[in-house]
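Structure file work15.txt (compact mmCIF, C-alpha atoms) follows.
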# COMPACT_ATOMS: atom_id res chain seq x y z
CA MET A 6 -81.24 54.07 -5.30
CA LYS A 7 -79.98 52.35 -2.14
CA ASN A 8 -81.91 49.33 -0.89
CA ILE A 9 -81.70 46.45 1.58
CA ILE A 10 -82.73 43.66 -0.80
CA ARG A 11 -79.41 41.84 -0.44
CA ALA A 12 -79.79 41.75 3.36
CA LEU A 13 -83.45 40.67 3.19
CA ARG A 14 -82.56 37.96 0.71
CA ALA A 15 -79.67 36.76 2.90
CA GLU A 16 -82.00 36.59 5.94
CA ARG A 17 -84.21 34.18 4.03
CA GLY A 18 -81.32 32.24 2.52
CA TRP A 19 -82.45 32.98 -1.03
CA SER A 20 -80.05 33.21 -3.94
CA GLN A 21 -80.42 35.97 -6.53
CA ALA A 22 -81.77 33.35 -8.95
CA ALA A 23 -84.39 32.16 -6.41
CA LEU A 24 -85.59 35.71 -5.81
CA ALA A 25 -85.61 36.38 -9.56
CA ASP A 26 -87.78 33.30 -10.13
CA GLN A 27 -90.31 34.43 -7.53
CA LEU A 28 -90.55 37.86 -9.13
CA GLY A 29 -90.53 36.58 -12.74
CA VAL A 30 -87.44 38.59 -13.66
CA SER A 31 -83.87 37.71 -14.66
CA ARG A 32 -81.07 37.14 -12.13
CA GLN A 33 -79.26 40.05 -13.78
CA SER A 34 -82.22 42.28 -12.87
CA ILE A 35 -81.89 41.41 -9.18
CA ASN A 36 -78.14 41.97 -9.32
CA ALA A 37 -78.62 45.36 -11.04
CA ILE A 38 -81.22 46.45 -8.45
CA GLU A 39 -79.12 45.27 -5.47
CA THR A 40 -76.02 47.08 -6.69
CA GLY A 41 -78.00 50.27 -7.40
CA LYS A 42 -77.28 50.09 -11.14
CA TYR A 43 -81.00 49.96 -11.90
CA ASP A 44 -84.04 51.40 -10.11
CA PRO A 45 -87.10 49.14 -10.45
CA SER A 46 -90.44 50.39 -11.75
CA LEU A 47 -93.24 51.02 -9.24
CA PRO A 48 -95.01 47.68 -10.01
CA LEU A 49 -91.76 45.75 -9.50
CA ALA A 50 -90.95 47.70 -6.33
CA PHE A 51 -94.43 46.81 -4.99
CA ALA A 52 -93.90 43.14 -5.92
CA ILE A 53 -90.57 43.14 -4.04
CA ALA A 54 -92.17 44.83 -1.01
CA ARG A 55 -95.05 42.33 -0.98
CA LEU A 56 -92.67 39.39 -1.21
CA PHE A 57 -90.61 40.59 1.77
CA GLU A 58 -93.78 41.76 3.63
CA LYS A 59 -92.43 45.28 4.05
CA SER A 60 -93.32 48.72 2.71
CA ILE A 61 -91.46 50.18 -0.25
CA GLU A 62 -89.95 52.87 2.01
CA GLU A 63 -88.54 50.22 4.33
CA ILE A 64 -86.70 48.57 1.42
CA PHE A 65 -85.73 51.50 -0.79
CA ASP A 66 -84.00 54.71 0.27
CA ASP A 67 -84.45 57.49 -2.28
CA GLN A 68 -81.98 59.84 -0.56
CA THR A 69 -78.86 60.52 -2.59
CA GLU A 70 -75.35 60.43 -1.13
CA ALA A 71 -75.31 64.26 -1.24
CA GLN A 72 -78.57 64.51 0.71
CA LEU A 73 -77.31 62.05 3.33
CA ALA A 74 -74.05 63.98 3.70
CA ALA A 75 -75.94 67.26 4.14
CA GLU A 76 -77.95 65.91 7.07
CA MET B 30 -95.60 43.99 -14.90
CA THR B 31 -96.27 41.94 -18.03
CA GLN B 32 -97.98 38.59 -17.68
CA HIS B 33 -94.92 36.89 -19.21
CA THR B 34 -92.01 36.20 -16.92
CA PHE B 35 -88.41 36.52 -18.04
CA LYS B 36 -88.11 32.75 -18.40
CA SER B 37 -91.31 32.21 -20.39
CA ALA B 38 -90.42 35.14 -22.69
CA LYS B 39 -86.97 33.63 -23.29
CA ARG B 40 -88.49 30.19 -23.97
CA ARG B 41 -90.93 31.68 -26.50
CA TYR B 42 -88.05 33.57 -28.13
CA PHE B 43 -85.82 30.51 -28.60
CA ARG B 44 -88.77 28.34 -29.72
CA ALA B 45 -89.15 30.73 -32.67
CA PHE B 46 -85.49 31.71 -33.13
CA TRP B 47 -83.93 28.28 -33.81
CA PRO B 48 -86.51 27.10 -36.41
CA LEU B 49 -86.16 30.46 -38.20
CA MET B 50 -82.37 30.10 -38.26
CA ALA B 51 -82.70 26.53 -39.58
CA LEU B 52 -85.12 27.78 -42.26
CA TYR B 53 -82.66 30.55 -43.19
CA VAL B 54 -79.80 28.07 -43.66
CA ILE B 55 -82.02 25.72 -45.70
CA ILE B 56 -83.31 28.51 -47.99
CA VAL B 57 -79.80 29.97 -48.54
CA LEU B 58 -78.27 26.54 -49.29
CA ALA B 59 -81.20 25.34 -51.44
CA GLY B 60 -81.29 28.69 -53.27
CA SER B 61 -77.58 28.66 -54.08
CA PHE B 62 -77.73 25.02 -55.16
CA GLY B 63 -80.89 25.56 -57.23
CA LEU B 64 -79.47 28.59 -59.05
CA ASN B 65 -76.28 26.72 -59.90
CA GLN B 66 -78.37 24.06 -61.65
CA LEU B 67 -80.05 26.61 -63.90
CA ASP B 68 -78.00 28.22 -66.65
CA PRO B 69 -78.76 31.01 -67.40
CA GLU B 70 -80.73 31.72 -64.21
CA PRO B 71 -84.06 33.45 -64.84
CA LYS B 72 -84.08 36.92 -63.27
CA TRP B 73 -87.48 36.40 -61.60
CA LEU B 74 -86.19 33.23 -59.88
CA GLN B 75 -83.06 35.02 -58.66
CA ALA B 76 -85.22 37.83 -57.26
CA THR B 77 -87.65 35.40 -55.61
CA LEU B 78 -84.84 33.44 -53.93
CA ALA B 79 -83.08 36.61 -52.81
CA ILE B 80 -86.24 37.89 -51.10
CA ALA B 81 -87.01 34.41 -49.70
CA CYS B 82 -83.56 34.39 -48.02
CA ALA B 83 -84.35 37.69 -46.30
CA VAL B 84 -87.77 36.59 -44.97
CA PRO B 85 -86.47 34.42 -42.04
CA VAL B 86 -84.10 37.24 -41.02
CA ILE B 87 -86.96 39.77 -41.02
CA ALA B 88 -89.09 37.30 -39.04
CA THR B 89 -86.22 36.90 -36.54
CA LEU B 90 -86.08 40.68 -36.05
CA LEU B 91 -89.82 40.67 -35.32
CA VAL B 92 -89.36 37.79 -32.85
CA MET B 93 -86.62 39.83 -31.15
CA LEU B 94 -89.02 42.76 -30.83
CA ARG B 95 -91.66 40.44 -29.33
CA TYR B 96 -89.07 39.21 -26.81
CA VAL B 97 -88.24 42.81 -25.88
CA SER B 98 -91.91 43.56 -25.21
CA GLU B 99 -92.48 40.36 -23.19
CA THR B 100 -89.31 40.16 -21.09
CA ASP B 101 -88.71 41.81 -17.70
CA GLU B 102 -88.11 45.55 -17.47
CA TYR B 103 -84.34 45.46 -16.85
CA THR B 104 -83.68 43.02 -19.71
CA ARG B 105 -85.94 45.20 -21.91
CA LEU B 106 -83.84 48.26 -21.09
CA VAL B 107 -80.59 46.41 -21.84
CA GLN B 108 -82.01 44.96 -25.07
CA LEU B 109 -83.21 48.37 -26.27
CA LYS B 110 -79.84 49.94 -25.44
CA GLY B 111 -78.21 47.06 -27.35
CA PHE B 112 -80.48 47.75 -30.35
CA ALA B 113 -79.66 51.44 -30.14
CA TRP B 114 -75.88 50.88 -29.94
CA GLY B 115 -76.10 48.25 -32.69
CA GLY B 116 -77.94 50.78 -34.87
CA VAL B 117 -75.50 53.61 -34.10
CA ILE B 118 -72.45 51.44 -34.84
CA THR B 119 -73.95 50.00 -38.06
CA VAL B 120 -75.24 53.32 -39.41
CA SER B 121 -71.87 54.91 -38.60
CA GLY B 122 -70.23 52.13 -40.63
CA ILE B 123 -72.68 52.73 -43.50
CA PHE B 124 -71.80 56.44 -43.59
CA ILE B 125 -68.03 55.81 -43.40
CA VAL B 126 -68.09 53.16 -46.14
CA GLY B 127 -70.54 55.28 -48.18
CA PHE B 128 -68.28 58.34 -48.15
CA LEU B 129 -65.20 56.21 -48.85
CA GLN B 130 -67.02 54.94 -51.95
CA LEU B 131 -68.25 58.38 -52.98
CA PHE B 132 -64.71 59.76 -52.71
CA HIS B 133 -63.39 56.75 -54.69
CA VAL B 134 -61.13 55.59 -51.84
CA ILE B 135 -62.58 52.09 -51.98
CA GLU B 136 -64.31 50.16 -54.73
CA ASN B 137 -67.60 48.31 -54.42
CA PHE B 138 -68.56 47.04 -50.96
CA GLU B 139 -71.30 44.45 -50.55
CA VAL B 140 -74.18 46.14 -48.72
CA PHE B 141 -75.21 42.68 -47.45
CA TRP B 142 -72.47 42.72 -44.78
CA PHE B 143 -74.14 45.56 -42.90
CA GLY B 144 -76.86 43.07 -41.84
CA PRO B 145 -74.49 40.66 -40.03
CA ALA B 146 -72.56 43.71 -38.77
CA PHE B 147 -75.73 44.98 -37.06
CA PHE B 148 -76.36 41.62 -35.36
CA ILE B 149 -72.74 41.46 -34.14
CA ALA B 150 -72.83 45.08 -32.89
CA TYR B 151 -76.20 44.52 -31.18
CA GLY B 152 -75.06 41.24 -29.57
CA LEU B 153 -71.78 42.68 -28.29
CA SER B 154 -73.47 45.85 -26.99
CA THR B 155 -76.15 43.84 -25.17
CA PHE B 156 -73.52 41.54 -23.65
CA LEU B 157 -71.38 44.48 -22.48
CA LEU B 158 -74.40 46.32 -21.03
CA GLY B 159 -76.16 43.45 -19.31
CA GLY B 160 -74.09 40.30 -19.40
CA ARG B 161 -74.81 36.87 -20.81
CA ASP B 162 -78.29 36.55 -19.25
CA CYS B 163 -79.62 39.51 -21.22
CA LEU B 164 -78.74 38.02 -24.62
Will you turn the file into structure tokens for me?
Amino acid sequence: MKNIIRALRAERGWSQAALADQLGVSRQSINAIETGKYDPSLPLAFAIARLFEKSIEEIFDDQTEAQLAAE
Amino acid sequence: MTQHTFKSAKRRYFRAFWPLMALYVIIVLAGSFGLNQLDPEPKWLQATLAIACAVPVIATLLVMLRYVSETDEYTRLVQLKGFAWGGVITVSGIFIVGFLQLFHVIENFEVFWFGPAFFIAYGLSTFLLGGRDCL
């Protein structure tokens, strides 16, 4: 799933490790989510949204490449 | 999310892991030394020491399972995939060696080595799937 976590993190000047610490997860988790290798659970997605003061939909885009191409 | 963070889960894991490994080394060394002093070794003592050597390893496996349940969701996924791959590789090895023995291609093979083989297969799989942080 595509997301804008890397951009939001860069805006705040946070490293992956700093964001991971705030969420109580590993740095690898943040890296996997940012690169789209791993989709977070709903509770973690809510925690990320709360931290960046945005809605889940503003951060995560559930449209696949095929759906985007079809539009 | 669990109440444990990734870091606190990892701390709890290593706080149990290293003493268990130290205990394992002590029991194996003391057991081997003790048995060498006794001639002939009583069977019951051999059996007791053999089982005692396995206890810290079994405890370590349980500590690993606790870590899997307490860590963050991504690390849990990588750990479980590592366990699964470790199991698949080890059980495959057991079947291959087992059939080689049944068909008299090889002679006796120490079953003990499948234990370390599982830990190596699990560790390598976890590293390849999630990197150093997930170990």
All residues 12 Å or closer to A:Leu24, all atoms listed in the file, same chain fewer than 2 positions away omitted, as a list in words: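 Skipping anything fewer than 2 positions along the chain leaves Ile10, Arg11, Leu13, Arg14, Ala15, Arg17, Gly18, Trp19, Ser20, Gln21, Ala22, Asp26, Gln27, Leu28, Gly29, Val30, Ser31, Arg32, Gln33, Ser34, Ile35, Asn36, Ile38, Glu39, Ala52, Ile53, Leu56 and Phe57 of chain A.
Between atom CA of B:Ala88 and atom CA of B:Leu58 lies a distance of 18.4 Å.
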With all atoms listed in the file as the counted atoms, please give the residues lying no more than 12 Å from stretch 99-103 of chain B, apart from itself and same-chain residues fewer than 5 positions off, as a compact mmCIF listing (two decimals) with C-alpha atoms, keeping the file's coordinate frame.
# COMPACT_ATOMS: atom_id res chain seq x y z
CA ALA A 25 -85.61 36.38 -9.56
CA ASP A 26 -87.78 33.30 -10.13
CA LEU A 28 -90.55 37.86 -9.13
CA GLY A 29 -90.53 36.58 -12.74
CA VAL A 30 -87.44 38.59 -13.66
CA SER A 31 -83.87 37.71 -14.66
CA ARG A 32 -81.07 37.14 -12.13
CA GLN A 33 -79.26 40.05 -13.78
CA SER A 34 -82.22 42.28 -12.87
CA ILE A 35 -81.89 41.41 -9.18
CA ASN A 36 -78.14 41.97 -9.32
CA ALA A 37 -78.62 45.36 -11.04
CA ILE A 38 -81.22 46.45 -8.45
CA LYS A 42 -77.28 50.09 -11.14
CA TYR A 43 -81.00 49.96 -11.90
CA ASP A 44 -84.04 51.40 -10.11
CA PRO A 45 -87.10 49.14 -10.45
CA SER A 46 -90.44 50.39 -11.75
CA LEU A 47 -93.24 51.02 -9.24
CA PRO A 48 -95.01 47.68 -10.01
CA LEU A 49 -91.76 45.75 -9.50
CA ALA A 50 -90.95 47.70 -6.33
CA MET B 30 -95.60 43.99 -14.90
CA THR B 31 -96.27 41.94 -18.03
CA GLN B 32 -97.98 38.59 -17.68
CA HIS B 33 -94.92 36.89 -19.21
CA THR B 34 -92.01 36.20 -16.92
CA PHE B 35 -88.41 36.52 -18.04
CA LYS B 36 -88.11 32.75 -18.40
CA SER B 37 -91.31 32.21 -20.39
CA ALA B 38 -90.42 35.14 -22.69
CA LYS B 39 -86.97 33.63 -23.29
CA ARG B 40 -88.49 30.19 -23.97
CA ARG B 41 -90.93 31.68 -26.50
CA TYR B 42 -88.05 33.57 -28.13
CA VAL B 92 -89.36 37.79 -32.85
CA MET B 93 -86.62 39.83 -31.15
CA LEU B 94 -89.02 42.76 -30.83
CA GLN B 108 -82.01 44.96 -25.07
CA LEU B 109 -83.21 48.37 -26.27
CA LYS B 110 -79.84 49.94 -25.44
CA THR B 155 -76.15 43.84 -25.17
CA LEU B 158 -74.40 46.32 -21.03
CA GLY B 159 -76.16 43.45 -19.31
CA GLY B 160 -74.09 40.30 -19.40
CA ASP B 162 -78.29 36.55 -19.25
CA CYS B 163 -79.62 39.51 -21.22
CA LEU B 164 -78.74 38.02 -24.62
Could you tell me how far atom CA of B:Gly111 sits from atom CA of B:Ser154, in Å to one decimal place?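 Going from atom CA of B:Ser154 over to atom CA of B:Gly111, I get 4.9 Å.
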Build an axis-aligned box that encloses every atom of stretch 7-14 of chain A listed in the file, pad it by 8 Å on each side, and report its centre and edge lengths in Å to one decimal, as AutoDock Vina command-line options.
--center_x -81.4 --center_y 45.2 --center_z 0.6 --size_x 20.0 --size_y 30.4 --size_z 21.5
Set the distance at 6 Å and use only C-alpha atoms: which residues neighbour A:Asn8 once local chain neighbours fewer than 2 positions away are removed? I'd like the list as a ChimeraX atom specification. /A:10,64-66
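Note that atom CA of B:Phe147 and atom CA of B:Ile135 are 21.1 Å apart.
Of the listed residues (B:Leu106, B:Val84, B:Ser61, B:Val126), B:Leu106 comes nearest to chain A; the distances count only C-alpha atoms.
Among the candidate residues B:Leu153, B:Val107, B:Val117, B:Phe124, the one lying nearest to chain A is B:Val107, with distances computed using all atoms listed in the file.
Compared by their closest atoms to chain A, and using all atoms listed in the file, the residues B:Leu129, B:Phe138, B:Thr104, B:Phe156 rank with B:Thr104 nearest.
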Do you know which residues are at most 12 Å from B:Gly144 counting all atoms listed in the file, after dropping those on the same chain fewer than 4 positions away, and could you put them as a PyMOL selection string? chain B and resi 83+86-87+90+115-116+118-120+122-123+139-140+148-151
Write out as a PyMOL selection string the residues lying within 10 Å of B:Ala79, counting all atoms listed in the file and excluding same-chain residues fewer than 3 positions away. chain B and resi 56-57+60-61+73-76+82-84
Would you write out those residues with C-alpha atoms, as an mmCIF file, in the frame of the given file?
data_model
loop_
_atom_site.group_PDB
_atom_site.id
_atom_site.type_symbol
_atom_site.label_atom_id
_atom_site.label_comp_id
_atom_site.auth_asym_id
_atom_site.auth_seq_id
_atom_site.Cartn_x
_atom_site.Cartn_y
_atom_site.Cartn_z
ATOM 1 C CA ILE B 56 -83.310 28.510 -47.990
ATOM 2 C CA VAL B 57 -79.800 29.970 -48.540
ATOM 3 C CA GLY B 60 -81.290 28.690 -53.270
ATOM 4 C CA SER B 61 -77.580 28.660 -54.080
ATOM 5 C CA TRP B 73 -87.480 36.400 -61.600
ATOM 6 C CA LEU B 74 -86.190 33.230 -59.880
ATOM 7 C CA GLN B 75 -83.060 35.020 -58.660
ATOM 8 C CA ALA B 76 -85.220 37.830 -57.260
ATOM 9 C CA CYS B 82 -83.560 34.390 -48.020
ATOM 10 C CA ALA B 83 -84.350 37.690 -46.300
ATOM 11 C CA VAL B 84 -87.770 36.590 -44.970
#
Rebuild all heavy atoms on stretch 22-33 of chain A, as a short mmCIF file (atom, residue, chain, number, x, y, z; two decimals), in the frame of the given file?
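To be explicit, this is the file written out as rebuild-v5.cif:
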data_model
loop_
_atom_site.label_atom_id
_atom_site.label_comp_id
_atom_site.auth_asym_id
_atom_site.auth_seq_id
_atom_site.Cartn_x
_atom_site.Cartn_y
_atom_site.Cartn_z
N ALA A 22 -80.96 34.08 -7.97
CA ALA A 22 -81.77 33.35 -8.95
C ALA A 22 -83.13 32.96 -8.36
O ALA A 22 -84.16 33.04 -9.03
CB ALA A 22 -81.03 32.11 -9.43
N ALA A 23 -83.13 32.56 -7.07
CA ALA A 23 -84.39 32.16 -6.41
C ALA A 23 -85.32 33.35 -6.29
O ALA A 23 -86.53 33.24 -6.54
CB ALA A 23 -84.08 31.56 -5.04
N LEU A 24 -84.77 34.50 -5.92
CA LEU A 24 -85.59 35.71 -5.81
C LEU A 24 -86.11 36.13 -7.20
O LEU A 24 -87.28 36.49 -7.35
CB LEU A 24 -84.78 36.85 -5.18
CG LEU A 24 -85.48 38.21 -5.07
CD1 LEU A 24 -86.77 38.11 -4.25
CD2 LEU A 24 -84.55 39.25 -4.44
N ALA A 25 -85.22 36.03 -8.18
CA ALA A 25 -85.61 36.38 -9.56
C ALA A 25 -86.77 35.51 -10.03
O ALA A 25 -87.73 36.02 -10.63
CB ALA A 25 -84.41 36.24 -10.49
N ASP A 26 -86.71 34.22 -9.73
CA ASP A 26 -87.78 33.30 -10.13
C ASP A 26 -89.11 33.70 -9.51
O ASP A 26 -90.15 33.65 -10.16
CB ASP A 26 -87.43 31.86 -9.70
CG ASP A 26 -86.56 31.17 -10.73
OD1 ASP A 26 -86.41 31.73 -11.84
OD2 ASP A 26 -86.03 30.09 -10.44
N GLN A 27 -89.07 34.07 -8.22
CA GLN A 27 -90.31 34.43 -7.53
C GLN A 27 -90.92 35.72 -8.08
O GLN A 27 -92.13 35.90 -8.04
CB GLN A 27 -90.04 34.59 -6.03
CG GLN A 27 -89.70 33.26 -5.36
CD GLN A 27 -89.47 33.44 -3.88
OE1 GLN A 27 -90.40 33.61 -3.12
NE2 GLN A 27 -88.21 33.43 -3.47
N LEU A 28 -90.06 36.59 -8.60
CA LEU A 28 -90.55 37.86 -9.13
C LEU A 28 -90.79 37.82 -10.65
O LEU A 28 -91.32 38.76 -11.22
CB LEU A 28 -89.55 38.98 -8.82
CG LEU A 28 -89.39 39.34 -7.34
CD1 LEU A 28 -88.16 40.21 -7.13
CD2 LEU A 28 -90.63 40.06 -6.83
N GLY A 29 -90.36 36.72 -11.28
CA GLY A 29 -90.53 36.58 -12.74
C GLY A 29 -89.59 37.47 -13.53
O GLY A 29 -89.92 37.90 -14.64
N VAL A 30 -88.42 37.77 -12.95
CA VAL A 30 -87.44 38.59 -13.66
C VAL A 30 -86.13 37.80 -13.79
O VAL A 30 -86.01 36.69 -13.28
CB VAL A 30 -87.18 39.93 -12.93
CG1 VAL A 30 -88.45 40.75 -12.83
CG2 VAL A 30 -86.58 39.71 -11.55
N SER A 31 -85.15 38.39 -14.48
CA SER A 31 -83.87 37.71 -14.66
C SER A 31 -82.98 37.90 -13.42
O SER A 31 -83.18 38.85 -12.65
CB SER A 31 -83.15 38.25 -15.88
OG SER A 31 -82.81 39.60 -15.67
N ARG A 32 -82.01 37.01 -13.25
CA ARG A 32 -81.07 37.14 -12.13
C ARG A 32 -80.27 38.44 -12.27
O ARG A 32 -79.95 39.10 -11.28
CB ARG A 32 -80.11 35.94 -12.12
CG ARG A 32 -79.26 35.83 -10.87
CD ARG A 32 -78.11 34.87 -11.07
NE ARG A 32 -77.24 35.28 -12.16
CZ ARG A 32 -76.32 36.25 -12.06
NH1 ARG A 32 -76.17 36.91 -10.93
NH2 ARG A 32 -75.57 36.58 -13.10
N GLN A 33 -79.99 38.80 -13.53
CA GLN A 33 -79.26 40.05 -13.78
C GLN A 33 -80.04 41.25 -13.27
O GLN A 33 -79.45 42.24 -12.82
CB GLN A 33 -79.00 40.22 -15.28
CG GLN A 33 -78.00 39.25 -15.86
CD GLN A 33 -76.58 39.60 -15.46
OE1 GLN A 33 -76.33 40.67 -14.93
NE2 GLN A 33 -75.65 38.70 -15.69
#
